[in-house]
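Enquirer: Input file: work.txt. Contents: compact mmCIF, C-alpha atoms.
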# COMPACT_ATOMS: atom_id res chain seq x y z
CA MET A 1 95.59 71.94 113.67
CA ASN A 2 94.76 72.08 110.00
CA GLU A 3 97.55 71.85 107.49
CA GLN A 4 98.68 75.35 106.47
CA SER A 5 96.72 77.25 109.07
CA LEU A 6 98.07 80.02 111.27
CA ARG A 7 96.90 81.30 114.61
CA LEU A 8 98.32 84.35 116.33
CA THR A 9 97.31 85.83 119.67
CA VAL A 10 98.56 89.21 120.87
CA GLY A 11 97.46 91.90 123.31
CA ALA A 12 95.02 94.41 121.77
CA LYS A 13 97.57 97.24 121.59
CA PRO A 14 98.45 99.64 118.74
CA GLY A 15 102.07 98.47 118.83
CA ASN A 16 101.00 94.93 117.94
CA LEU A 17 99.29 95.88 114.66
CA ALA A 18 102.62 95.73 112.81
CA VAL A 19 103.34 92.26 114.25
CA ILE A 20 99.97 90.95 113.06
CA ARG A 21 100.44 92.56 109.65
CA GLN A 22 103.89 91.02 109.17
CA ALA A 23 102.72 87.56 110.22
CA LEU A 24 99.82 87.64 107.76
CA ALA A 25 102.01 89.07 104.98
CA GLY A 26 104.50 86.21 105.45
CA TYR A 27 101.67 83.70 105.43
CA ALA A 28 100.07 85.13 102.27
CA GLU A 29 103.41 85.26 100.44
CA ALA A 30 104.07 81.65 101.35
CA ILE A 31 100.67 80.68 99.94
CA GLY A 32 101.52 82.48 96.71
CA PHE A 33 99.87 85.90 96.96
CA GLY A 34 101.52 88.60 94.85
CA PRO A 35 102.62 91.99 96.24
CA ASP A 36 99.34 93.79 95.44
CA SER A 37 97.21 91.15 97.12
CA VAL A 38 99.55 91.06 100.12
CA ALA A 39 99.21 94.85 100.40
CA ASP A 40 95.40 94.61 100.33
CA LEU A 41 95.47 91.83 102.91
CA LYS A 42 97.67 93.94 105.20
CA THR A 43 95.13 96.75 104.95
CA ILE A 44 92.04 94.70 105.76
CA VAL A 45 93.74 92.87 108.63
CA THR A 46 95.01 96.14 110.11
CA GLU A 47 91.57 97.76 109.84
CA ALA A 48 89.81 94.80 111.47
CA CYS A 49 92.37 94.59 114.27
CA MET A 50 92.33 98.34 114.80
CA ASN A 51 88.67 98.16 115.62
CA ALA A 52 89.44 95.59 118.32
CA VAL A 53 92.32 97.70 119.64
CA VAL A 54 90.16 100.83 119.85
CA HIS A 55 86.82 99.42 120.95
CA ALA A 56 87.04 95.96 122.46
CA TYR A 57 88.57 96.62 125.85
CA SER A 58 88.80 99.42 128.37
CA ASP A 59 92.21 100.80 129.36
CA ASP A 60 92.08 99.24 132.80
CA ALA A 61 91.00 95.80 131.55
CA PRO A 62 93.09 95.00 128.45
CA GLY A 63 92.59 91.80 126.53
CA PRO A 64 93.77 89.81 123.53
CA ILE A 65 93.15 89.74 119.80
CA GLU A 66 93.32 86.39 118.08
CA VAL A 67 94.01 86.35 114.36
CA GLY A 68 93.56 83.18 112.37
CA ALA A 69 94.38 82.48 108.73
CA ARG A 70 93.71 79.42 106.63
CA PRO A 71 93.36 78.52 102.99
CA HIS A 72 89.85 79.10 101.66
CA GLY A 73 88.95 78.12 98.13
CA ASP A 74 91.43 79.92 95.92
CA GLY A 75 92.47 82.33 98.65
CA ILE A 76 92.68 82.96 102.35
CA GLU A 77 90.12 83.29 105.10
CA VAL A 78 91.20 85.56 107.94
CA THR A 79 89.40 85.82 111.24
CA VAL A 80 89.96 88.52 113.85
CA ARG A 81 88.48 87.74 117.24
CA ASP A 82 88.30 89.68 120.49
CA TRP A 83 86.54 89.06 123.77
CA GLY A 84 85.53 92.66 124.35
CA SER A 85 82.41 94.74 124.43
CA GLY A 86 81.52 94.69 120.76
CA PHE A 87 82.20 95.97 117.27
CA LYS A 88 81.42 99.65 116.85
CA PRO A 89 81.76 100.70 113.28
CA ARG A 90 80.60 104.13 114.38
CA PRO A 91 83.24 105.48 116.71
CA ALA A 92 82.59 107.15 120.03
CA ASP A 93 83.88 110.33 118.42
CA PRO A 94 81.64 110.89 115.38
CA ASP A 95 84.09 113.50 114.09
CA ASP A 96 86.90 110.99 113.70
CA PRO A 97 86.88 110.33 109.97
CA GLY A 98 89.63 107.71 110.19
CA LEU A 99 87.58 105.05 111.85
CA ARG A 100 84.70 105.61 109.46
CA LEU A 101 86.99 104.64 106.57
CA GLY A 102 87.92 101.28 108.07
CA LEU A 103 84.82 99.29 107.19
CA PRO A 104 84.58 100.59 103.61
CA LEU A 105 88.22 99.61 103.14
CA ILE A 106 87.52 96.08 104.36
CA GLY A 107 84.39 95.92 102.22
CA THR A 108 86.15 97.07 99.07
CA LEU A 109 89.43 95.20 99.37
CA SER A 110 88.11 91.85 100.62
CA ASP A 111 86.08 89.40 98.57
CA GLY A 112 83.61 89.02 101.39
CA PHE A 113 83.37 89.74 105.09
CA GLU A 114 81.03 89.26 107.99
CA ILE A 115 80.95 90.53 111.52
CA ARG A 116 79.50 88.48 114.32
CA GLY A 117 79.20 90.20 117.64
CA GLY A 118 77.70 89.57 121.02
CA PRO A 119 78.21 90.25 124.70
CA ASP A 120 81.26 88.00 124.77
CA GLY A 121 83.18 89.57 121.92
CA THR A 122 83.34 90.11 118.22
CA GLU A 123 84.59 88.08 115.29
CA VAL A 124 85.33 89.57 111.89
CA ARG A 125 85.71 87.01 109.13
CA MET A 126 87.21 88.13 105.83
CA VAL A 127 87.94 86.23 102.65
CA MET A 128 90.45 87.17 99.99
CA GLU A 129 90.46 85.24 96.76
CA LEU A 130 93.52 84.55 94.62
CA ALA A 131 96.57 82.43 95.36
CA PRO A 132 97.07 78.89 94.03
CA GLU A 133 95.14 75.84 95.13
CA GLY A 134 93.90 76.29 98.64
CA ARG A 135 91.88 73.79 100.55
CA PRO A 136 88.86 74.19 102.78
CA ALA A 137 89.49 73.58 106.43
CA PRO A 138 87.53 72.36 109.44
CA GLU A 139 86.65 74.55 112.42
CA GLU A 140 89.44 75.30 114.86
CA GLU A 141 89.31 75.43 118.62
CA ARG A 142 89.93 78.86 120.11
CA ALA A 143 93.02 80.10 121.93
CA ASP A 144 93.05 80.99 125.58
CA PRO A 145 91.45 84.45 125.76
CA GLU A 146 93.57 85.23 128.82
CA ALA A 147 96.79 85.16 126.83
CA THR A 148 97.81 88.79 126.37
CA LYS A 149 101.36 88.98 127.61
CA GLY A 150 103.15 88.47 124.34
CA THR A 151 102.69 87.11 120.86
CA VAL A 152 101.36 83.56 120.73
CA MET A 153 101.45 81.65 117.45
CA SER A 154 100.69 78.19 116.29
CA ILE A 155 101.50 77.19 112.74
CA ALA A 156 101.18 73.81 111.09
CA ALA A 157 104.72 72.44 110.77
CA GLY A 158 106.09 72.78 107.25
CA THR A 159 106.91 75.45 104.73
CA MET A 160 104.61 78.08 106.30
CA VAL A 161 106.64 78.37 109.48
CA ARG A 162 109.75 80.14 108.24
CA PRO A 163 108.20 83.08 106.35
CA VAL A 164 105.76 83.81 109.16
CA LEU A 165 108.20 83.39 112.02
CA ALA A 166 110.98 85.37 110.34
CA ARG A 167 108.71 88.39 109.85
CA VAL A 168 107.21 88.25 113.33
CA ILE A 169 110.61 87.90 115.00
CA SER A 170 112.04 90.76 112.93
CA ALA A 171 109.11 93.02 113.83
CA LEU A 172 109.45 92.23 117.54
CA ALA A 173 113.25 92.58 117.58
CA ALA A 174 113.01 95.92 115.77
CA ARG A 175 110.44 97.08 118.29
CA ALA A 176 112.75 96.03 121.12
CA ASP A 177 115.50 98.16 119.51
CA PHE A 178 117.85 95.26 118.77
CA SER A 179 121.08 96.05 116.93
CA ILE A 180 121.41 94.68 113.41
CA ASP A 181 123.73 91.93 114.72
CA ARG A 182 121.35 90.83 117.43
CA LEU A 183 118.47 91.00 114.99
CA SER A 184 120.21 88.58 112.65
CA ASP A 185 121.07 86.29 115.60
CA THR A 186 117.40 86.30 116.47
CA VAL A 187 116.35 85.50 112.92
CA LEU A 188 118.88 82.66 112.93
CA ILE A 189 117.22 81.17 116.00
CA GLY A 190 113.83 81.50 114.29
CA ASP A 191 115.23 79.75 111.24
CA ALA A 192 116.52 76.87 113.38
CA VAL A 193 113.08 76.38 114.87
CA SER A 194 111.45 76.68 111.42
CA ALA A 195 113.76 74.10 109.88
CA HIS A 196 113.36 71.65 112.71
CA ASP A 197 111.87 68.21 112.16
CA ALA A 198 108.07 68.37 112.48
CA ALA A 199 108.09 65.06 114.36
CA ASP A 200 109.49 66.80 117.43
CA PHE A 201 106.45 69.07 117.67
CA ARG A 202 103.39 67.54 119.33
CA ASN A 203 100.48 67.21 116.85
CA GLY A 204 102.69 68.53 114.04
CA THR A 205 101.97 72.09 115.15
CA VAL A 206 104.77 74.55 115.81
CA GLY A 207 103.76 76.56 118.88
CA ILE A 208 105.70 79.70 119.71
CA GLU A 209 105.16 82.32 122.35
CA ILE A 210 107.28 85.48 122.33
CA VAL A 211 107.24 88.08 125.08
CA ASP A 212 109.12 91.28 124.25
CA ASP A 213 109.92 93.46 127.18
CA ASN A 214 112.68 95.96 127.99
CA GLY A 215 114.99 95.06 125.15
CA ARG A 216 114.63 91.34 125.68
CA LEU A 217 112.76 88.61 123.82
CA ASP A 218 111.62 85.54 125.73
CA VAL A 219 110.80 82.79 123.26
CA ARG A 220 108.94 79.65 124.34
CA VAL A 221 108.78 76.82 121.79
CA GLY A 222 106.46 73.84 122.23
CA PRO A 223 104.89 71.59 123.17
CA LEU A 224 107.71 69.35 122.01
CA VAL A 225 108.09 65.63 122.44
CA PRO A 226 110.65 64.71 125.13
CA GLY A 227 114.17 65.33 123.82
CA GLY A 228 112.91 67.76 121.16
CA SER A 229 114.51 70.78 122.86
CA GLU A 230 117.92 69.18 122.88
CA ARG A 231 117.58 68.32 119.18
CA ILE A 232 116.64 71.93 118.30
CA ILE A 233 119.69 73.17 120.24
CA LYS A 234 121.91 70.62 118.44
CA GLY A 235 120.40 71.69 115.11
CA LEU A 236 121.96 75.12 115.53
CA GLU A 237 125.50 73.87 116.08
CA LEU A 238 127.28 74.94 112.92
CA PRO A 239 130.85 74.16 111.83
CA GLY A 240 131.82 77.82 112.30
CA GLY A 241 131.20 77.52 116.02
CA THR A 242 127.81 79.21 115.99
CA SER A 243 125.40 77.63 118.39
CA LEU A 244 122.13 78.44 120.05
CA ARG A 245 124.01 78.42 123.36
CA LYS A 246 126.20 81.28 122.11
CA LEU A 247 123.42 83.29 120.45
CA ALA A 248 120.95 83.14 123.30
CA SER A 249 121.36 84.90 126.63
CA GLU A 250 119.62 82.06 128.43
CA ILE A 251 118.33 78.60 127.52
CA ASN A 252 116.10 76.40 129.61
CA VAL A 253 113.94 73.35 129.09
CA GLU A 254 110.60 73.27 130.87
CA GLN A 255 108.94 69.91 131.51
CA ALA A 256 105.16 69.93 131.21
CA SER A 257 102.39 67.76 129.95
CA ALA A 258 100.48 68.23 126.70
CA GLY A 259 96.70 68.50 126.76
CA SER A 260 96.26 64.73 126.64
CA GLY A 261 98.49 64.24 129.68
CA ALA A 262 101.31 62.91 127.52
CA PRO A 263 104.78 64.07 128.54
CA ALA A 264 105.91 67.21 126.75
CA GLU A 265 108.51 69.90 127.08
CA TYR A 266 109.07 73.51 126.10
CA LEU A 267 112.31 75.11 124.98
CA LEU A 268 112.81 78.53 126.56
CA VAL A 269 115.24 80.89 124.87
CA ALA A 270 115.95 84.43 126.09
CA ILE A 271 117.67 86.91 123.78
CA ASP A 272 118.91 90.27 125.07
CA GLN A 273 119.59 93.37 122.97
CA MET B 1 111.18 95.59 109.43
CA GLY B 2 111.53 98.57 111.75
CA PRO B 3 108.76 100.73 113.08
CA GLY B 4 107.79 103.57 110.76
CA GLU B 5 109.15 107.05 111.29
CA ILE B 6 107.70 110.49 110.68
CA ALA B 7 109.73 113.67 110.21
CA THR B 8 108.88 117.34 109.95
CA GLU B 9 110.85 119.42 107.45
CA ARG B 10 110.69 123.09 106.67
CA ALA B 11 110.65 123.88 102.98
CA ASP B 12 111.33 127.35 101.61
CA PRO B 13 109.58 129.57 102.15
CA GLY B 14 107.90 128.64 105.38
CA VAL B 15 106.03 125.51 104.33
CA THR B 16 105.89 122.59 106.75
CA VAL B 17 106.47 119.26 104.99
CA ILE B 18 105.70 116.06 106.88
CA THR B 19 107.46 112.96 105.55
CA PHE B 20 107.21 109.25 106.30
CA SER B 21 109.31 106.12 106.12
CA GLY B 22 108.14 102.58 106.84
CA GLU B 23 104.66 101.50 107.91
CA HIS B 24 102.15 103.68 109.71
CA ASP B 25 99.04 102.80 111.67
CA LEU B 26 97.31 103.55 114.96
CA ASN B 27 100.70 103.23 116.67
CA THR B 28 102.19 106.27 114.92
CA ALA B 29 98.95 108.22 114.31
CA PRO B 30 99.33 110.20 117.59
CA ASP B 31 102.82 111.35 116.48
CA LEU B 32 101.40 112.51 113.15
CA ARG B 33 98.50 114.32 114.82
CA GLU B 34 100.89 116.13 117.11
CA ARG B 35 103.13 117.25 114.23
CA LEU B 36 100.10 118.49 112.27
CA THR B 37 98.73 120.35 115.29
CA ILE B 38 102.11 122.07 115.79
CA ALA B 39 102.24 123.12 112.14
CA ILE B 40 98.74 124.57 112.31
CA GLY B 41 99.73 126.38 115.51
CA GLU B 42 102.69 127.87 113.67
CA ARG B 43 100.33 129.00 110.92
CA THR B 44 102.38 127.61 108.03
CA PRO B 45 101.04 125.97 104.89
CA ILE B 46 101.27 122.18 105.28
CA VAL B 47 102.30 119.43 102.87
CA VAL B 48 101.86 115.80 103.84
CA ASP B 49 104.22 113.77 101.64
CA PHE B 50 103.33 110.08 101.71
CA SER B 51 105.94 109.14 99.08
CA GLY B 52 108.23 107.35 101.56
CA ALA B 53 105.51 105.44 103.39
CA ALA B 54 105.24 101.70 102.84
CA PHE B 55 101.83 101.40 104.45
CA ILE B 56 99.15 103.68 105.89
CA ASP B 57 95.83 102.78 107.47
CA SER B 58 92.61 104.67 108.15
CA SER B 59 93.86 106.17 111.41
CA ILE B 60 96.57 107.98 109.42
CA LEU B 61 94.02 109.11 106.84
CA GLY B 62 91.80 110.30 109.69
CA ALA B 63 94.61 112.41 111.13
CA VAL B 64 95.23 113.96 107.70
CA LEU B 65 91.54 114.71 107.10
CA ASP B 66 91.19 116.32 110.54
CA ALA B 67 94.27 118.47 109.96
CA ARG B 68 93.07 119.48 106.52
CA ARG B 69 89.81 120.70 108.00
CA SER B 70 91.62 122.61 110.76
CA ALA B 71 93.96 124.15 108.18
CA GLN B 72 91.03 125.25 106.06
CA ASP B 73 89.31 126.74 109.11
CA ALA B 74 92.52 128.63 109.90
CA GLY B 75 92.93 129.80 106.30
CA LEU B 76 96.11 127.78 105.80
CA GLY B 77 97.12 125.92 102.64
CA PHE B 78 97.13 122.13 102.84
CA ALA B 79 98.19 119.61 100.21
CA VAL B 80 99.16 115.94 99.94
CA ALA B 81 102.02 114.55 97.83
CA LEU B 82 102.54 111.00 96.63
CA TYR B 83 104.99 110.05 93.90
CA GLU B 84 103.54 107.90 91.19
CA GLY B 85 104.34 104.29 91.88
CA ALA B 86 104.06 104.32 95.68
CA GLN B 87 101.57 101.52 95.23
CA PRO B 88 100.23 100.41 98.63
CA VAL B 89 99.52 103.97 99.72
CA ALA B 90 98.05 104.96 96.34
CA ARG B 91 95.69 102.02 96.56
CA VAL B 92 94.29 103.05 99.94
CA LEU B 93 93.81 106.64 98.74
CA GLU B 94 92.10 105.42 95.59
CA VAL B 95 89.75 102.99 97.34
CA THR B 96 88.66 105.61 99.86
CA GLY B 97 88.20 108.18 97.08
CA LEU B 98 90.62 110.52 98.83
CA ASP B 99 92.94 110.70 95.81
CA SER B 100 90.49 113.10 94.18
CA THR B 101 88.99 114.82 97.24
CA LEU B 102 92.29 115.72 98.93
CA PRO B 103 93.64 116.09 96.11
CA VAL B 104 96.96 114.25 95.78
CA HIS B 105 99.90 115.81 93.90
CA GLN B 106 102.50 113.69 92.17
CA THR B 107 105.52 115.68 93.28
CA ARG B 108 106.42 117.42 96.49
CA ALA B 109 107.13 120.61 94.54
CA ALA B 110 103.62 120.60 93.08
CA ALA B 111 102.13 120.02 96.53
CA ILE B 112 104.18 122.86 98.03
CA GLU B 113 103.04 125.16 95.28
CA ALA B 114 99.42 124.17 95.84
CA ALA B 115 99.70 124.64 99.61
CA GLN B 116 101.20 128.10 99.15
CA GLY B 117 98.78 129.16 96.46
CA SER B 118 95.42 128.15 97.83
CA PRO B 119 94.61 128.71 101.48
CA SER B 120 91.42 126.69 101.19
CA GLU B 121 92.10 124.15 98.51
CA LYS B 122 89.19 121.76 98.51
Would you write out, as structure tokens, the structure that this file holds?

Expert:
Amino acid sequence: MNEQSLRLTVGAKPGNLAVIRQALAGYAEAIGFGPDSVADLKTIVTEACMNAVVHAYSDDAPGPIEVGARPHGDGIEVTVRDWGSGFKPRPADPDDPGLRLGLPLIGTLSDGFEIRGGPDGTEVRMVMELAPEGRPAPEEERADPEATKGTVMSIAAGTMVRPVLARVISALAARADFSIDRLSDTVLIGDAVSAHDAADFRNGTVGIEIVDDNGRLDVRVGPLVPGGSERIIKGLELPGGTSLRKLASEINVEQASAGSGAPAEYLLVAIDQ
Amino acid sequence: MGPGEIATERADPGVTVITFSGEHDLNTAPDLRERLTIAIGERTPIVVDFSGAAFIDSSILGAVLDARRSAQDAGLGFAVALYEGAQPVARVLEVTGLDSTLPVHQTRAAAIEAAQGSPSEK
């Protein structure tokens, strides 16, 4: 994964628009975007994703949206991808003025956009200038289009992780109706993962999958190198007696193999309301 | 950051004021549409006050434009309020040109007055 890139996969549902928006806002802030540019970015990302939520899939066959962000010139390139039946800038209901405003908003607030569509889905690519020195990046491989259960993220290990993860976790915990105390516990766990040594993550990429369901967050961190889970757990043992084992409702380590067949493991943390 | 909330208030005399906190998108648009439909059913002038909203998208604007048309058809006053300085929302209204077509009033009091005074404010 390219340095400083972000990839987020969620189910194409209205309730996930806020999660996507927060992740991108955290990413843009970390890159150096100011409040006005972050606000514009939130708008164009929401509009592009809304199209996928409304048009890509039928109710009985839901699917995912994948949102990618990476530095591009002096700004950010954002891609929104679905595997549905195509971009329809003209809505099924021609009297719905809301959807007709979406494309003009993207066109006006972005510094360039293109839509590529076909029978196997649609990709909207948008560029926003600004921010300090960015760097061009190579093509990325795509996420598993089947993944729709929760929020799936991969972020290059480093300073990007904390701002993105903190916002995503807060949005999901708020949606799951967590109390303020549990919300801060959850953010603490996110911080521990963010601060963890990049060497424990395979390929230097922090992979996180969060399923929020019935007042519970199931967080899966990995792939990690063997022993990485234990080191993350140890990293949260503070002098005051706080530890991941106390904050989480359940902790497990899952043994698996990374893509190359090398041994790997995942840290599974469940947090209840 | 919590999910956005929408509330319906009744201002004197008999004006429905719809207020927002937090961020609003396709997820809360159905709630807004329902509140607007109820207000039109009750035949009160309507004020949509965006001052507390941190974010709105085109589905929210769509709901407001639909309600405005229904209100006009029903001969009911309809006005939008947004305090100066509510930047993200002002930006979306400006870019879509809705700041002048709605039009947008800078105080709730001015919007209420406009909604009461002009059943078909364009």

Enquirer: Do me a favour and pick out the residues of chain B within 8 Å of chain A, using all atoms listed in the file, as number ranges by chain.

Expert: B: 1-3, 23, 25-27, 57-63, 65-66, 88, 92, 95-96

Enquirer: With 4 Å on each side, where is the centre of the axis-aligned box around all listed atoms of region 64-73 of chain A, and how long are its edges in Å to one decimal, as lines of an AutoDock Vina configuration file?

Expert:
center_x = 91.7
center_y = 84.0
center_z = 110.8
size_x = 13.4
size_y = 19.7
size_z = 33.4

Enquirer: Report as a PDB file with C-alpha atoms, in the frame of the given file all protein, DNA and RNA residues lying within 10 Å of Glu29 (chain A), evaluated on all atoms listed in the file, omitting residues in the same chain fewer than 3 positions from it.

Expert:
ATOM      1  CA  LEU A  24      99.820  87.640 107.760  1.00  0.00           C
ATOM      2  CA  ALA A  25     102.010  89.070 104.980  1.00  0.00           C
ATOM      3  CA  GLY A  26     104.500  86.210 105.450  1.00  0.00           C
ATOM      4  CA  GLY A  32     101.520  82.480  96.710  1.00  0.00           C
ATOM      5  CA  PHE A  33      99.870  85.900  96.960  1.00  0.00           C
ATOM      6  CA  GLY A  34     101.520  88.600  94.850  1.00  0.00           C
ATOM      7  CA  PRO A  35     102.620  91.990  96.240  1.00  0.00           C
ATOM      8  CA  SER A  37      97.210  91.150  97.120  1.00  0.00           C
ATOM      9  CA  VAL A  38      99.550  91.060 100.120  1.00  0.00           C
ATOM     10  CA  ALA A 131      96.570  82.430  95.360  1.00  0.00           C
ATOM     11  CA  MET A 160     104.610  78.080 106.300  1.00  0.00           C
ATOM     12  CA  PRO A 163     108.200  83.080 106.350  1.00  0.00           C
ATOM     13  CA  VAL A 164     105.760  83.810 109.160  1.00  0.00           C
TER      14      VAL A 164
END

Enquirer: Counting all atoms listed in the file, which residue out of B:Val47, B:Ala74, B:Leu93, B:Val64 sits closest to Thr107 (chain B)?

Expert: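 Closest to Thr107 (chain B) of all the choices is B:Val47.
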
Enquirer: I'd like the contact shell of Ile112 (chain B) - 12 Å cut-off, all atoms listed in the file, skipping same-chain residues fewer than 5 positions apart - returned as a tab-separated table (two decimals) with C-alpha atoms, in the coordinates of the input.

Expert:
chain	number	residue	atom	x	y	z
B	10	ARG	CA	110.69	123.09	106.67
B	11	ALA	CA	110.65	123.88	102.98
B	12	ASP	CA	111.33	127.35	101.61
B	13	PRO	CA	109.58	129.57	102.15
B	14	GLY	CA	107.90	128.64	105.38
B	15	VAL	CA	106.03	125.51	104.33
B	16	THR	CA	105.89	122.59	106.75
B	17	VAL	CA	106.47	119.26	104.99
B	18	ILE	CA	105.70	116.06	106.88
B	44	THR	CA	102.38	127.61	108.03
B	45	PRO	CA	101.04	125.97	104.89
B	46	ILE	CA	101.27	122.18	105.28
B	47	VAL	CA	102.30	119.43	102.87
B	48	VAL	CA	101.86	115.80	103.84
B	49	ASP	CA	104.22	113.77	101.64
B	77	GLY	CA	97.12	125.92	102.64
B	78	PHE	CA	97.13	122.13	102.84
B	79	ALA	CA	98.19	119.61	100.21
B	80	VAL	CA	99.16	115.94	99.94
B	81	ALA	CA	102.02	114.55	97.83
B	104	VAL	CA	96.96	114.25	95.78
B	105	HIS	CA	99.90	115.81	93.90
B	106	GLN	CA	102.50	113.69	92.17
B	107	THR	CA	105.52	115.68	93.28
B	117	GLY	CA	98.78	129.16	96.46
B	118	SER	CA	95.42	128.15	97.83
B	119	PRO	CA	94.61	128.71	101.48

Enquirer: Using all atoms listed in the file, which residue out of A:Val225, A:Val206, A:Ile271, A:Ala198 lies closest to Asp185 (chain A)?

Expert: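 Nearest candidate to Asp185 (chain A) out of A:Val225, A:Val206, A:Ile271, A:Ala198: A:Ile271.
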
Enquirer: Got a sec: who's within 9 Å of Phe50 (chain B), counting only C-alpha atoms, leaving out chain neighbours fewer than 5 positions off, as an NGL selection string?

Expert: :B and (18-21 or 56 or 80-83 or 86 or 89)

Enquirer: Give me, please, the distance in Å between CA of Glu5 (chain B) and CA of Arg21 (chain A), quoted to one decimal.

Expert: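 Interatomic distance here is 17.0 Å.
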
Enquirer: Separation of CA of Pro64 (chain A) and CA of Gly190 (chain A), in Å?

Expert: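 Here the two named atoms are 23.6 Å from each other.
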